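Visitor: Sharing my_file_35.tsv below, TSV, C-alpha atoms:
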chain	number	residue	atom	x	y	z
J	1	MET	CA	219.76	170.08	5.72
J	2	GLU	CA	221.27	168.66	8.86
J	3	LYS	CA	224.95	169.19	9.35
J	4	VAL	CA	227.14	166.12	9.79
J	5	GLN	CA	229.08	166.16	13.04
J	6	VAL	CA	231.94	163.72	13.02
J	7	LEU	CA	234.39	163.40	15.84
J	8	ALA	CA	237.63	165.05	14.83
J	9	SER	CA	239.80	162.44	16.45
J	10	HIS	CA	239.78	158.91	15.06
J	11	THR	CA	242.14	157.56	17.64
J	12	GLY	CA	239.56	155.41	19.37
J	13	ALA	CA	238.20	154.02	16.11
J	14	TYR	CA	240.72	151.22	15.83
J	15	ASP	CA	242.03	148.37	17.90
J	16	GLN	CA	245.47	149.82	18.65
J	17	SER	CA	246.92	146.40	19.54
J	18	HIS	CA	245.96	144.99	16.15
J	19	ASN	CA	248.67	144.20	13.61
J	20	THR	CA	247.14	145.20	10.27
J	21	LYS	CA	249.40	142.94	8.19
J	22	TRP	CA	248.44	139.90	10.25
J	23	GLY	CA	244.81	140.97	10.00
J	24	ILE	CA	245.01	141.05	6.21
J	25	ALA	CA	246.71	137.63	6.27
J	26	ALA	CA	243.87	136.33	8.44
J	27	GLY	CA	241.29	137.75	6.02
J	28	PHE	CA	243.14	136.18	3.07
J	29	SER	CA	243.17	132.81	4.86
J	30	ALA	CA	239.46	133.02	5.70
J	31	SER	CA	238.62	133.81	2.08
J	32	LEU	CA	240.77	130.92	0.85
J	33	VAL	CA	239.25	128.38	3.25
J	34	GLY	CA	235.62	129.52	3.33
J	35	ILE	CA	235.18	130.45	-0.33
J	36	GLY	CA	238.05	129.09	-2.40
J	37	LEU	CA	238.15	125.60	-0.90
J	38	ALA	CA	234.92	124.95	1.01
J	39	ARG	CA	232.87	126.12	-1.94
J	40	PHE	CA	234.83	125.67	-5.16
J	41	ALA	CA	236.90	122.54	-4.48
J	42	TYR	CA	233.70	120.50	-4.87
J	43	THR	CA	233.52	121.30	-8.62
J	44	PRO	CA	236.55	119.18	-9.67
J	45	LEU	CA	235.66	116.59	-7.01
J	46	LEU	CA	232.18	116.00	-8.41
J	47	PRO	CA	233.15	113.61	-11.27
J	48	ALA	CA	235.40	111.63	-8.91
J	49	ILE	CA	232.58	111.24	-6.35
J	50	ILE	CA	230.30	109.85	-9.07
J	51	ASP	CA	232.99	107.60	-10.61
J	52	ALA	CA	233.88	106.18	-7.19
J	53	GLY	CA	230.25	105.20	-6.67
J	54	TRP	CA	229.86	107.28	-3.50
J	55	PHE	CA	226.68	108.88	-4.91
J	56	ASP	CA	224.94	108.95	-8.27
J	57	ALA	CA	224.97	112.07	-10.44
J	58	SER	CA	221.63	113.38	-9.20
J	59	LYS	CA	222.47	113.07	-5.49
J	60	ALA	CA	225.95	114.49	-6.03
J	61	ALA	CA	224.41	117.57	-7.68
J	62	TYR	CA	222.09	118.08	-4.71
J	63	LEU	CA	225.14	117.95	-2.43
J	64	GLY	CA	226.50	120.92	-4.38
J	65	ALA	CA	223.18	122.69	-3.86
J	66	ALA	CA	223.43	121.99	-0.11
J	67	ASN	CA	226.59	124.08	-0.01
J	68	LEU	CA	224.85	126.97	-1.79
J	69	ALA	CA	221.95	126.78	0.66
J	70	GLY	CA	224.39	126.75	3.57
J	71	TYR	CA	226.19	129.79	2.15
J	72	LEU	CA	222.92	131.71	2.18
J	73	LEU	CA	222.22	130.62	5.78
J	74	GLY	CA	225.72	131.63	6.85
J	75	ALA	CA	225.34	135.05	5.26
J	76	LEU	CA	222.04	135.54	7.09
J	77	THR	CA	223.23	134.35	10.51
J	78	GLY	CA	226.94	135.27	10.59
J	79	ARG	CA	226.45	138.64	12.26
J	80	VAL	CA	223.99	137.15	14.78
J	81	MET	CA	226.56	134.53	15.77
J	82	ALA	CA	229.20	137.23	16.22
J	83	GLN	CA	226.88	139.28	18.43
J	84	LYS	CA	226.19	136.33	20.72
J	85	SER	CA	229.91	135.67	21.30
J	86	SER	CA	232.51	137.84	19.57
J	87	THR	CA	233.55	138.39	15.98
J	88	ALA	CA	237.01	136.87	16.49
J	89	PHE	CA	235.55	133.77	18.19
J	90	THR	CA	232.99	133.30	15.39
J	91	LEU	CA	235.62	133.66	12.66
J	92	ARG	CA	237.85	131.05	14.31
J	93	ALA	CA	234.90	128.72	14.85
J	94	MET	CA	233.76	129.01	11.22
J	95	MET	CA	237.24	128.27	9.86
J	96	LEU	CA	237.46	125.25	12.15
J	97	LEU	CA	234.01	124.11	11.00
J	98	ALA	CA	235.09	124.29	7.35
J	99	SER	CA	238.19	122.23	8.20
J	100	VAL	CA	236.23	119.60	10.13
J	101	ALA	CA	233.74	119.35	7.25
J	102	PHE	CA	236.55	118.32	4.89
J	103	PHE	CA	237.62	115.54	7.24
J	104	ALA	CA	234.02	114.40	7.71
J	105	CYS	CA	233.45	114.21	3.94
J	106	ALA	CA	236.33	111.74	3.65
J	107	PHE	CA	233.94	109.14	5.09
J	108	PRO	CA	230.76	108.66	3.02
J	109	VAL	CA	228.79	107.23	5.96
J	110	SER	CA	225.46	108.06	4.31
J	111	TYR	CA	223.87	110.60	2.02
J	112	LEU	CA	222.40	112.47	4.98
J	113	TRP	CA	225.81	112.59	6.69
J	114	PHE	CA	227.40	114.06	3.57
J	115	PHE	CA	224.52	116.48	3.00
J	116	VAL	CA	224.75	117.87	6.53
J	117	TRP	CA	228.50	118.43	6.30
J	118	ARG	CA	228.25	120.10	2.90
J	119	LEU	CA	225.52	122.33	4.37
J	120	LEU	CA	227.72	123.21	7.36
J	121	SER	CA	230.61	123.88	5.00
J	122	GLY	CA	228.43	126.37	3.14
J	123	ILE	CA	227.34	128.03	6.39
J	124	SER	CA	230.96	128.57	7.34
J	125	GLY	CA	231.70	130.15	3.94
J	126	GLY	CA	228.72	132.52	4.13
J	127	ALA	CA	229.56	133.61	7.67
J	128	LEU	CA	233.21	134.17	6.79
J	129	MET	CA	232.20	136.28	3.79
J	130	VAL	CA	230.05	138.69	5.83
J	131	LEU	CA	232.42	138.91	8.80
J	132	ALA	CA	236.07	138.54	7.81
J	133	ALA	CA	236.76	141.42	5.42
J	134	PRO	CA	234.69	144.11	7.21
J	135	THR	CA	236.33	143.17	10.53
J	136	VAL	CA	239.83	143.55	9.11
J	137	LEU	CA	239.18	146.58	6.89
J	138	ALA	CA	237.65	148.52	9.79
J	139	ASN	CA	241.20	148.69	11.16
J	140	VAL	CA	242.79	149.72	7.85
J	141	SER	CA	243.31	153.30	6.69
J	142	PRO	CA	240.60	154.27	4.13
J	143	SER	CA	243.25	155.16	1.56
J	144	LYS	CA	244.55	151.58	1.62
J	145	ARG	CA	241.26	149.70	1.80
J	146	GLY	CA	241.10	148.97	-1.93
J	147	LEU	CA	244.46	147.20	-1.99
J	148	SER	CA	243.87	145.52	1.39
J	149	GLY	CA	240.45	144.27	0.34
J	150	GLY	CA	241.94	142.98	-2.88
J	151	ILE	CA	244.53	140.95	-0.99
J	152	ILE	CA	241.88	139.54	1.35
J	153	PHE	CA	239.57	138.39	-1.44
J	154	MET	CA	242.51	137.14	-3.48
J	155	GLY	CA	242.40	134.19	-1.08
J	156	GLY	CA	239.19	133.02	-2.75
J	157	GLY	CA	240.91	133.15	-6.13
J	158	VAL	CA	243.89	131.18	-4.84
J	159	GLY	CA	241.44	128.55	-3.59
J	160	ILE	CA	239.73	128.37	-6.99
J	161	ALA	CA	243.08	128.01	-8.73
J	162	ALA	CA	244.06	125.29	-6.24
J	163	SER	CA	240.80	123.48	-6.95
J	164	GLY	CA	241.82	123.19	-10.59
J	165	THR	CA	245.42	122.13	-9.94
J	166	LEU	CA	245.86	120.67	-6.45
J	167	VAL	CA	242.69	118.55	-6.36
J	168	PRO	CA	243.59	116.51	-9.49
J	169	LEU	CA	247.01	115.81	-7.95
J	170	LEU	CA	245.47	114.71	-4.65
J	171	LEU	CA	242.99	112.50	-6.49
J	172	GLN	CA	245.89	110.40	-7.71
J	173	GLN	CA	246.18	109.23	-4.10
J	174	GLY	CA	242.46	108.51	-3.83
J	175	LEU	CA	239.20	110.33	-3.14
J	176	LYS	CA	239.31	109.82	0.62
J	177	GLN	CA	242.89	111.09	0.74
J	178	THR	CA	241.86	114.16	-1.26
J	179	TRP	CA	239.23	115.17	1.31
J	180	LEU	CA	241.74	114.60	4.11
J	181	GLY	CA	244.37	116.63	2.28
J	182	LEU	CA	241.95	119.53	1.86
J	183	GLY	CA	241.20	119.30	5.58
J	184	VAL	CA	244.87	119.56	6.46
J	185	ILE	CA	245.36	122.56	4.16
J	186	SER	CA	242.32	124.23	5.70
J	187	LEU	CA	243.66	123.65	9.21
J	188	VAL	CA	247.02	125.16	8.27
J	189	PHE	CA	245.37	128.39	7.09
J	190	THR	CA	243.09	128.38	10.13
J	191	ALA	CA	246.22	128.33	12.30
J	192	ILE	CA	247.76	131.18	10.28
J	193	ALA	CA	244.64	133.29	10.80
J	194	TRP	CA	244.14	132.39	14.48
J	195	LYS	CA	245.88	135.39	16.09
J	196	GLY	CA	245.37	137.78	13.20
J	197	TRP	CA	241.84	138.86	14.09
J	198	PRO	CA	241.34	142.15	15.99
J	199	LYS	CA	240.73	141.51	19.69
J	200	GLN	CA	237.78	143.88	19.57
J	201	ASP	CA	235.62	145.32	16.82
J	202	ALA	CA	236.62	148.76	15.60
J	203	ALA	CA	234.61	151.46	17.31
J	204	PRO	CA	232.71	153.41	14.66
J	205	VAL	CA	233.32	157.11	14.14
J	206	HIS	CA	230.25	158.85	15.57
J	207	ALA	CA	227.96	160.78	13.28
J	208	VAL	CA	224.60	162.42	13.80
J	209	GLN	CA	222.93	162.38	10.46
J	210	HIS	CA	220.35	160.09	8.89
J	211	PRO	CA	221.27	158.76	5.46
J	212	ARG	CA	219.91	160.91	2.66
J	213	GLN	CA	217.12	159.45	0.56
J	214	SER	CA	219.42	159.56	-2.48
J	215	LYS	CA	221.98	157.45	-0.62
J	216	ASN	CA	219.25	154.95	0.29
J	217	ARG	CA	218.26	154.61	-3.36
J	218	THR	CA	221.87	154.30	-4.48
J	219	LEU	CA	222.50	151.61	-1.87
J	220	LYS	CA	219.42	149.65	-2.92
J	221	ALA	CA	220.56	149.93	-6.52
J	222	LEU	CA	223.95	148.55	-5.48
J	223	TYR	CA	222.25	145.52	-3.90
J	224	ALA	CA	220.45	144.85	-7.18
J	225	GLU	CA	223.63	145.31	-9.23
J	226	TYR	CA	225.60	142.87	-7.07
J	227	ALA	CA	222.81	140.28	-7.22
J	228	LEU	CA	222.53	140.59	-11.01
J	229	ASN	CA	226.29	140.15	-11.30
J	230	ALA	CA	226.01	136.91	-9.37
J	231	ALA	CA	223.51	135.67	-11.94
J	232	GLY	CA	225.66	136.90	-14.83
J	233	TRP	CA	228.65	134.82	-13.77
J	234	VAL	CA	226.75	131.54	-13.45
J	235	PRO	CA	227.24	130.41	-17.08
J	236	HIS	CA	231.02	130.58	-16.65
J	237	MET	CA	231.04	129.18	-13.11
J	238	ILE	CA	228.91	126.15	-13.93
J	239	PHE	CA	228.97	125.59	-17.70
J	240	LEU	CA	232.36	126.83	-18.95
J	241	VAL	CA	234.15	123.48	-18.68
J	242	ALA	CA	231.21	121.57	-20.16
J	243	PHE	CA	230.92	124.11	-22.99
J	244	ILE	CA	234.58	123.65	-23.94
J	245	ALA	CA	234.53	119.86	-23.46
J	246	HIS	CA	231.15	118.99	-24.97
J	247	GLY	CA	229.81	122.07	-26.74
J	248	LEU	CA	233.04	122.59	-28.68
J	249	GLY	CA	234.05	118.92	-28.58
J	250	GLN	CA	237.53	119.60	-27.18
J	251	GLY	CA	237.37	117.11	-24.31
J	252	LEU	CA	237.44	117.32	-20.53
J	253	GLU	CA	241.21	117.79	-20.32
J	254	VAL	CA	241.08	120.97	-22.40
J	255	GLY	CA	238.01	122.09	-20.46
J	256	ALA	CA	239.94	121.70	-17.21
J	257	GLN	CA	242.72	123.90	-18.60
J	258	TYR	CA	240.23	126.70	-19.12
J	259	TRP	CA	239.11	126.26	-15.50
J	260	VAL	CA	242.72	126.79	-14.43
J	261	LEU	CA	242.75	130.03	-16.46
J	262	PHE	CA	239.53	131.00	-14.70
J	263	GLY	CA	241.29	130.35	-11.37
J	264	ILE	CA	244.32	132.42	-12.36
J	265	GLY	CA	242.01	135.32	-13.16
J	266	ALA	CA	240.19	134.83	-9.86
J	267	THR	CA	243.54	135.00	-8.04
J	268	LEU	CA	244.65	138.28	-9.63
J	269	GLY	CA	241.25	139.96	-9.92
J	270	PRO	CA	240.76	141.25	-6.36
J	271	LEU	CA	244.25	142.72	-6.19
J	272	LEU	CA	243.94	144.53	-9.53
J	273	ALA	CA	240.43	145.73	-8.70
J	274	GLY	CA	241.59	147.04	-5.34
J	275	VAL	CA	244.48	148.99	-6.86
J	276	LEU	CA	242.12	150.49	-9.48
J	277	ALA	CA	239.60	151.47	-6.78
J	278	ASP	CA	242.27	153.21	-4.72
J	279	ARG	CA	243.08	155.35	-7.77
J	280	VAL	CA	239.66	156.15	-9.30
J	281	GLY	CA	237.21	155.38	-6.49
J	282	PHE	CA	235.03	152.34	-5.92
J	283	GLY	CA	232.01	153.69	-7.82
J	284	LEU	CA	233.83	154.30	-11.11
J	285	ALA	CA	235.86	151.08	-10.77
J	286	LEU	CA	232.65	149.10	-10.35
J	287	ARG	CA	231.06	150.71	-13.41
J	288	LEU	CA	234.12	149.96	-15.54
J	289	SER	CA	234.02	146.36	-14.33
J	290	PHE	CA	230.40	145.99	-15.54
J	291	ILE	CA	231.44	146.99	-19.06
J	292	LEU	CA	234.45	144.69	-19.26
J	293	GLU	CA	232.87	141.63	-17.68
J	294	GLY	CA	229.69	142.04	-19.76
J	295	VAL	CA	231.73	141.87	-22.95
J	296	CYS	CA	233.70	138.85	-21.72
J	297	VAL	CA	230.65	136.89	-20.54
J	298	CYS	CA	229.24	137.25	-24.06
J	299	ILE	CA	232.35	135.97	-25.88
J	300	PRO	CA	231.58	132.20	-25.71
J	301	ALA	CA	228.26	132.83	-27.49
J	302	LEU	CA	230.00	134.58	-30.39
J	303	GLY	CA	232.33	131.78	-31.56
J	304	LEU	CA	235.39	134.01	-31.81
J	305	GLY	CA	238.03	131.32	-31.31
J	306	THR	CA	240.53	130.11	-28.73
J	307	PRO	CA	242.37	133.37	-27.83
J	308	TRP	CA	239.07	135.11	-27.10
J	309	LEU	CA	237.82	132.17	-25.04
J	310	MET	CA	241.05	132.25	-23.01
J	311	ALA	CA	240.63	135.97	-22.39
J	312	SER	CA	236.99	135.42	-21.42
J	313	SER	CA	237.94	132.74	-18.90
J	314	VAL	CA	240.62	134.88	-17.25
J	315	VAL	CA	238.65	138.13	-17.16
J	316	VAL	CA	235.37	136.67	-15.91
J	317	GLY	CA	237.31	134.69	-13.30
J	318	ALA	CA	238.96	137.95	-12.24
J	319	PHE	CA	235.62	139.67	-11.72
J	320	VAL	CA	234.00	136.75	-9.89
J	321	THR	CA	236.35	137.56	-7.02
J	322	GLY	CA	237.37	141.13	-7.97
J	323	THR	CA	233.87	142.58	-7.83
J	324	VAL	CA	233.54	141.57	-4.16
J	325	PRO	CA	236.03	144.13	-2.74
J	326	LEU	CA	234.62	146.75	-5.14
J	327	VAL	CA	231.10	146.30	-3.80
J	328	LEU	CA	232.28	146.22	-0.19
J	329	GLY	CA	234.28	149.40	-0.76
J	330	ARG	CA	231.31	151.03	-2.45
J	331	VAL	CA	229.11	150.19	0.54
J	332	GLN	CA	231.65	151.87	2.81
J	333	GLU	CA	231.79	154.91	0.50
J	334	LEU	CA	228.02	155.34	0.52
J	335	LEU	CA	227.83	154.93	4.30
J	336	VAL	CA	231.04	156.74	5.18
J	337	HIS	CA	229.25	158.87	7.80
J	338	HIS	CA	227.25	155.90	9.10
J	339	PRO	CA	229.86	153.21	9.89
J	340	ALA	CA	227.49	151.41	12.26
J	341	GLN	CA	225.27	150.60	9.25
J	342	GLN	CA	228.05	149.27	7.03
J	343	ASN	CA	228.08	145.69	8.34
J	344	ALA	CA	224.31	145.33	7.98
J	345	ALA	CA	224.46	146.73	4.44
J	346	TRP	CA	227.27	144.34	3.46
J	347	ARG	CA	225.28	141.43	4.92
J	348	THR	CA	222.25	142.44	2.84
J	349	ALA	CA	224.39	142.64	-0.30
J	350	THR	CA	225.90	139.22	0.38
J	351	VAL	CA	222.50	137.62	1.02
J	352	GLY	CA	221.17	139.03	-2.25
J	353	PHE	CA	224.27	137.76	-4.04
J	354	ALA	CA	223.87	134.26	-2.59
J	355	LEU	CA	220.15	134.12	-3.33
J	356	PHE	CA	220.44	135.24	-6.95
J	357	GLN	CA	223.37	132.94	-7.59
J	358	ALA	CA	221.47	129.92	-6.27
J	359	VAL	CA	218.30	130.82	-8.21
J	360	ALA	CA	220.31	131.47	-11.39
J	361	ALA	CA	222.15	128.17	-11.03
J	362	TYR	CA	218.90	126.23	-10.94
J	363	GLY	CA	217.22	128.44	-13.54
J	364	PHE	CA	220.05	128.20	-16.05
J	365	SER	CA	220.27	124.45	-15.53
J	366	TYR	CA	216.56	124.17	-16.35
J	367	LEU	CA	216.90	126.38	-19.43
J	368	PHE	CA	219.89	124.38	-20.62
J	369	SER	CA	217.88	121.19	-20.41
J	370	TYR	CA	214.73	122.76	-21.88
J	371	SER	CA	216.64	124.30	-24.82
J	372	GLY	CA	218.32	121.02	-25.72
J	373	GLY	CA	221.79	122.06	-24.55
J	374	ASN	CA	221.95	125.60	-25.96
J	375	TYR	CA	225.10	127.03	-24.36
J	376	ALA	CA	224.95	130.30	-26.31
J	377	LEU	CA	221.56	131.13	-24.75
J	378	LEU	CA	223.06	130.87	-21.26
J	379	PHE	CA	225.98	133.17	-21.99
J	380	LEU	CA	223.69	135.72	-23.65
J	381	LEU	CA	221.37	135.71	-20.64
J	382	GLY	CA	224.38	136.18	-18.35
J	383	THR	CA	225.45	139.15	-20.46
J	384	GLY	CA	221.93	140.58	-20.19
J	385	ALA	CA	222.02	140.37	-16.40
J	386	ILE	CA	225.30	142.32	-16.24
J	387	ALA	CA	224.06	144.87	-18.78
J	388	LEU	CA	221.02	145.43	-16.59
J	389	ALA	CA	223.29	145.95	-13.57
J	390	PHE	CA	225.20	148.61	-15.54
J	391	LEU	CA	221.98	150.41	-16.52
J	392	ILE	CA	220.74	150.38	-12.91
J	393	ASP	CA	224.04	151.94	-11.80
J	394	ILE	CA	223.79	154.68	-14.45
J	395	VAL	CA	220.18	155.51	-13.53
J	396	ALA	CA	220.89	155.47	-9.77
J	397	SER	CA	223.91	157.74	-10.16
J	398	ARG	CA	221.98	160.16	-12.36
J	399	SER	CA	219.09	160.22	-9.89
J	400	ALA	CA	221.49	160.94	-7.00
J	401	GLU	CA	223.04	163.83	-8.97
J	402	ILE	CA	219.61	165.36	-9.65
J	403	THR	CA	218.67	165.05	-5.96
J	404	ARG	CA	221.89	166.75	-4.85
J	405	ALA	CA	221.38	169.58	-7.33
J	406	ALA	CA	217.78	170.16	-6.23
Taking this structure as input, can you express it in the form of structure tokens?

Guide:
Amino acid sequence: MEKVQVLASHTGAYDQSHNTKWGIAAGFSASLVGIGLARFAYTPLLPAIIDAGWFDASKAAYLGAANLAGYLLGALTGRVMAQKSSTAFTLRAMMLLASVAFFACAFPVSYLWFFVWRLLSGISGGALMVLAAPTVLANVSPSKRGLSGGIIFMGGGVGIAASGTLVPLLLQQGLKQTWLGLGVISLVFTAIAWKGWPKQDAAPVHAVQHPRQSKNRTLKALYAEYALNAAGWVPHMIFLVAFIAHGLGQGLEVGAQYWVLFGIGATLGPLLAGVLADRVGFGLALRLSFILEGVCVCIPALGLGTPWLMASSVVVGAFVTGTVPLVLGRVQELLVHHPAQQNAAWRTATVGFALFQAVAAYGFSYLFSYSGGNYALLFLLGTGAIALAFLIDIVASRSAEITRAA
């Protein structure tokens, strides 16, 4: 077996002029703008767009799909854009693009106009997801990456929570004013992040070893687990409010309150997950998360009552954002001696996540229609996807242990 030769000194691995706290603030802002607002603010805006007569229900739904498609494109092309200019330039440009898209959507010039801007908004979110956190965390001490990653991805949760509270308040001023208000908020966080990005990418610690076959298998398993998680969350992300409002007959106002609980969970999830990972390691933290979220995704199908539904909303919301820093940290753990491969691996994981989430969104929508509005079926299928992710993790870990012992 080849011996790993790592440079003893890590001094050149970081951008020494970079202020880590400002970098984390920049990552938080990018997550809030690109994921929390550019992606999730459309959910509470959808009924208002239809009611205002901007677009009918069918076209408005396709506009939501345009953002998902853009997210996938951004995840695929984000690293390429950074290589052609610089990572800091690309991050600034993507946050500006997300901000401009909000302003553009305040003017429903045509369906094509709106579609293009929702697509560009999604591209910005996908690119920010694959670039922002790895860029910042490369300049953070490994012992603090769990907590730092949690703070960065907490921005997405704050954006989700804002989409359930701030958007309804802005809508009182009008739909156009709401889009403009979101644009202003996005610009403010873009300004906060502007000087927080490292001036240069962290130089990787050199290593002369090819990844072991067991690590390759474990990494591929991680891709599958992350993608299956994306599918497992879809029933909550798309159908939770409708399930409460229509399936349980409690009305849209009560349904919206559960979405706020989902947003509160999404705000706290990354931070709590990061603290847990710093204590027990990213691998074990991720496995524990599969167990807890699997149970909570299943709860709406069991008819256990209001307290359980509240817990389900908060916990699943927490893992929608909290699993992201866990997977990123796990990628870095598996490729600790191959830092040059970490960004590509994270991009692959993000692409798989985006693809499965988009496919699951359409697939579950079809099943819901085909089954005559069977909400329980959707939540059970979501639970099955997460259970499969857990089993894959167990098998991959066991296989890696056998390989090491051989």

Visitor: Just give me the gap between atom CA of Leu97 of chain J and atom CA of Leu120 of chain J in Å, one decimal is fine.

Guide: 7.3 Å

Visitor: Which polymer residues have any atom within 7 Å of an atom of Val130 of chain J, counting only C-alpha atoms, with same-chain residues fewer than 4 positions away left out, as a list in words?

Guide: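 Surrounding residues, per the criterion: Ala75, Gly78, Gly126, Trp346, Arg347 and Thr350 of chain J.
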
Visitor: Restricting the output to C-alpha atoms, write the selected residues as a PDB file, keeping the file's coordinate frame.

Guide:
ATOM      1  CA  ALA J  75     225.340 135.050   5.260  1.00  0.00           C
ATOM      2  CA  GLY J  78     226.940 135.270  10.590  1.00  0.00           C
ATOM      3  CA  GLY J 126     228.720 132.520   4.130  1.00  0.00           C
ATOM      4  CA  TRP J 346     227.270 144.340   3.460  1.00  0.00           C
ATOM      5  CA  ARG J 347     225.280 141.430   4.920  1.00  0.00           C
ATOM      6  CA  THR J 350     225.900 139.220   0.380  1.00  0.00           C
TER       7      THR J 350
END

Visitor: What is the atom CA of Ile123 of chain J to atom CA of Ile50 of chain J distance in Å?

Guide: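 Atom-to-atom, atom CA of Ile123 of chain J to atom CA of Ile50 of chain J, that is 24.0 Å.
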
Visitor: Check the smallest atom-to-atom distance from each of J:Val351, J:Met94, J:Ala344, J:Val254 to Arg79 of chain J using all atoms listed in the file, then report the winner.

Guide: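 Selected residue with least distance to Arg79 of chain J: J:Ala344.
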
Visitor: Provide the atom CA of Gly196 of chain J to atom CA of Phe89 of chain J distance in Å, to one decimal place.

Guide: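 Those two atoms sit 11.7 Å apart.
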
Visitor: From the options J:Leu380, J:Leu170, J:Gly156, J:Ala245, which residue's atoms come nearest to Ala318 of chain J, counting only C-alpha atoms?

Guide: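 Distance minimum relative to Ala318 of chain J lands on J:Gly156.
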
Visitor: Find, counting all atoms listed in the file, the residue in J:Leu271, J:Val324, J:Leu46, J:Ile402 that gets nearest to Tyr62 of chain J.

Guide: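 The shortest atom-to-atom distance to Tyr62 of chain J comes from J:Leu46.
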
Visitor: Taking all atoms listed in the file into account, which of J:Pro47, J:Gly183, J:Gly232, J:Gly281 comes nearest Cys296 of chain J?

Guide: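 Smallest separation from Cys296 of chain J among the options: J:Gly232.
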
Visitor: Just the residues within 12 Å of Ala301 of chain J, please, counting all atoms listed in the file, with nothing from its chain fewer than 6 positions along; format it as a PyMOL selection string.

Guide: chain J and resi 235-236+240+243-244+247-248+295+308-309+312+374-383

Visitor: Restricting the calculation to all atoms listed in the file, which member of J:Val315, J:Val297, J:Leu326, J:Ala221 is positioned closest to Ser397 of chain J?

Guide: J:Ala221
